[in-house]
Amino acid sequence: MSERPDSPAMTDPAWLTAEERRLQEARSGVPWRAWGPYLSERQWGTVREDYSDSEDAWSYFSHDQARSRAYRWGEDGIAGISDDKQRLCLALALWNERDPIVKERLFGLTNAEGNHGEDVKEYYFYVDNLPTHSYQRYLYKYPQAEFPYKELVTVNRGRSRHELEYELIDTGVFDDDRYFDVEVEHAKAGPEDILCRITAHNRSARDAALHVLPTLWFRNSTSRPSRPAACSAATPTGAGRSGSPSTCS
């Protein structure tokens, strides 16, 4: 039977758990929720970042462009946290010495690339989280072989909607347990006193290299016109012609 709001179990601090006390403090104004898992896992390919004439968000800002092109309205990352205004962001980046790029964000197929539409092609798990985000745990499985970006796009694009999707595990990169379990934990000693612990486990019987790169950065909040000009196809964002910078970001 649930306790009444005025029962001793609900009002006596001796009966409350640490998280229940934090929740009471949050209701009275203590900013326990000022930091949390508010960082997007995918900012690329969204309507928030679409300034194309064709209104094709998927093509206008692709996953391939995201590593070298500034977002306008948000940020993204793996196992990321930020303050509730997303001014300061903390997320995980990894490199296995085989991938052509650092793993900074989850990879997925766009609506046109997947035989069943858009789809994330990664393995990650939200293991634990308290209501005040005073403790949270996230698990990401990172292959030790080169991540098959092109293979996932090519095979899925070639399949019909009546066929099964081609998943990351189908590529063979997890064979013989050749992957890392990367666990990211955040714990708060206070509303703005946060510990981040990253633990990597090599699940293979062989030694393998892993570079762990926790990244702290400020969201791009540079002042811009309220209605930016659309980028032309001939001048992609960030490229610009010699002597003529790109008109959007």
# chains A, B, ... in the order shown; residues from 1 in each chain; ligands from 1

$ select_by_dssp --residues "range 163-209 of chain A" --states "strand (DSSP E)" --output "PyMOL selection string"
chain A and resi 179-190+193-202

$ closest_atom_pairs --of "range 26-114 of chain A" --to "range 119-127 of chain A" --cutoff "8 Å" --atoms "only C-alpha atoms" --output "JSON lines"
{"residue": "A:Leu106", "atom": "CA", "partner": "A:Glu122", "partner_atom": "CA", "distance": 6.6}
{"residue": "A:Phe107", "atom": "CA", "partner": "A:Lys121", "partner_atom": "CA", "distance": 5.9}
{"residue": "A:Gly108", "atom": "CA", "partner": "A:Val120", "partner_atom": "CA", "distance": 3.9}
{"residue": "A:Leu109", "atom": "CA", "partner": "A:Asp119", "partner_atom": "CA", "distance": 5.2}
{"residue": "A:Thr110", "atom": "CA", "partner": "A:Asp119", "partner_atom": "CA", "distance": 7.0}
{"residue": "A:Asn111", "atom": "CA", "partner": "A:Asp119", "partner_atom": "CA", "distance": 7.8}
{"residue": "A:Gly114", "atom": "CA", "partner": "A:Asp119", "partner_atom": "CA", "distance": 6.7}

$ write_last_selection --atoms "C-alpha atoms" --output "short mmCIF file (atom, residue, chain, number, x, y, z; two decimals), in the first residue's frame"
data_model
loop_
_atom_site.label_atom_id
_atom_site.label_comp_id
_atom_site.auth_asym_id
_atom_site.auth_seq_id
_atom_site.Cartn_x
_atom_site.Cartn_y
_atom_site.Cartn_z
CA LEU A 106 26.32 7.73 -33.35
CA PHE A 107 26.08 6.67 -36.96
CA GLY A 108 22.82 6.00 -38.73
CA LEU A 109 21.13 5.80 -42.10
CA THR A 110 19.05 8.61 -43.51
CA ASN A 111 15.49 8.08 -44.65
CA GLY A 114 17.67 2.64 -45.10
#

$ closest_residue --among "A:Gly74, A:Gly45, A:Pro143, A:Gly158" --to "Phe174 in chain A" --atoms "only C-alpha atoms"
A:Pro143

$ residues_around --residues "Asp181 in chain A" --least-positions-apart "6" --cutoff "8 Å" --atoms "only C-alpha atoms" --output "PyMOL selection string"
chain A and resi 139-142+200-203

$ write_last_selection --atoms "C-alpha atoms" --output "PDB file, in the first residue's frame"
ATOM      1  CA  LEU A 139      27.080   1.555 -22.150  1.00  0.00           C
ATOM      2  CA  TYR A 140      28.468   1.786 -25.680  1.00  0.00           C
ATOM      3  CA  LYS A 141      29.863  -1.134 -27.721  1.00  0.00           C
ATOM      4  CA  TYR A 142      32.716  -0.031 -29.968  1.00  0.00           C
ATOM      5  CA  ALA A 200      36.664   0.435 -21.024  1.00  0.00           C
ATOM      6  CA  HIS A 201      36.654  -3.363 -21.186  1.00  0.00           C
ATOM      7  CA  ASN A 202      38.357  -5.265 -23.981  1.00  0.00           C
ATOM      8  CA  ARG A 203      36.024  -8.216 -24.615  1.00  0.00           C
TER       9      ARG A 203
END

$ select_by_dssp --residues "range 109-185 of chain A" --states "helix (DSSP H, G or I)" --output "list of chain:residue names"
A:Tyr149, A:Lys150, A:Glu151, A:Leu152, A:Val153, A:Thr154, A:Val155, A:Asn156, A:Arg157, A:Gly158, A:Leu168, A:Ile169, A:Asp170, A:Thr171, A:Asp175, A:Asp176, A:Asp177

$ write_last_selection --atoms "N, CA and C atoms" --output "CSV table (one decimal), in the first residue's frame"
chain,number,residue,atom,x,y,z
A,149,TYR,N,31.1,2.0,-42.2
A,149,TYR,CA,30.2,3.1,-42.6
A,149,TYR,C,29.6,2.8,-44.0
A,150,LYS,N,30.5,2.7,-44.9
A,150,LYS,CA,30.1,2.6,-46.3
A,150,LYS,C,29.3,1.3,-46.6
A,151,GLU,N,29.7,0.2,-46.0
A,151,GLU,CA,29.1,-1.1,-46.2
A,151,GLU,C,27.6,-1.0,-45.7
A,152,LEU,N,27.4,-0.4,-44.5
A,152,LEU,CA,26.0,-0.3,-44.0
A,152,LEU,C,25.1,0.5,-44.9
A,153,VAL,N,25.6,1.5,-45.5
A,153,VAL,CA,24.9,2.4,-46.4
A,153,VAL,C,24.6,1.6,-47.7
A,154,THR,N,25.6,1.0,-48.3
A,154,THR,CA,25.5,0.4,-49.6
A,154,THR,C,24.6,-0.8,-49.5
A,155,VAL,N,24.7,-1.7,-48.5
A,155,VAL,CA,23.9,-2.9,-48.5
A,155,VAL,C,22.4,-2.6,-48.2
A,156,ASN,N,22.2,-1.7,-47.2
A,156,ASN,CA,20.8,-1.3,-46.9
A,156,ASN,C,20.1,-0.6,-48.0
A,157,ARG,N,20.8,0.2,-48.7
A,157,ARG,CA,20.2,1.0,-49.8
A,157,ARG,C,19.9,0.0,-50.9
A,158,GLY,N,20.6,-1.1,-51.1
A,158,GLY,CA,20.3,-2.1,-52.1
A,158,GLY,C,19.2,-3.0,-51.8
A,168,LEU,N,24.6,-3.8,-37.9
A,168,LEU,CA,26.0,-3.7,-37.6
A,168,LEU,C,26.6,-5.0,-37.3
A,169,ILE,N,25.8,-5.8,-36.5
A,169,ILE,CA,26.4,-7.2,-36.2
A,169,ILE,C,26.5,-8.1,-37.4
A,170,ASP,N,25.7,-7.8,-38.4
A,170,ASP,CA,25.8,-8.7,-39.6
A,170,ASP,C,27.1,-8.4,-40.4
A,171,THR,N,27.7,-7.4,-40.2
A,171,THR,CA,29.0,-7.1,-40.9
A,171,THR,C,30.2,-7.9,-40.4
A,175,ASP,N,32.6,-10.3,-34.4
A,175,ASP,CA,33.0,-11.7,-34.4
A,175,ASP,C,34.2,-11.9,-33.4
A,176,ASP,N,34.2,-13.0,-32.7
A,176,ASP,CA,35.2,-13.3,-31.7
A,176,ASP,C,35.3,-12.3,-30.6
A,177,ASP,N,34.2,-11.6,-30.4
A,177,ASP,CA,34.1,-10.6,-29.3
A,177,ASP,C,35.1,-9.5,-29.5

$ residues_around --residues "range 23-37 of chain A" --least-positions-apart "5" --cutoff "6 Å" --atoms "only C-alpha atoms" --output "ChimeraX atom specification"
/A:81-84,132-133,191

$ atom_distance --atom1 "CA of Ala187 in chain A" --atom2 "CA of Ala209 in chain A"
27.4 Å

$ atom_distance --atom1 "CA of Glu183 in chain A" --atom2 "CA of Phe61 in chain A"
29.3 Å
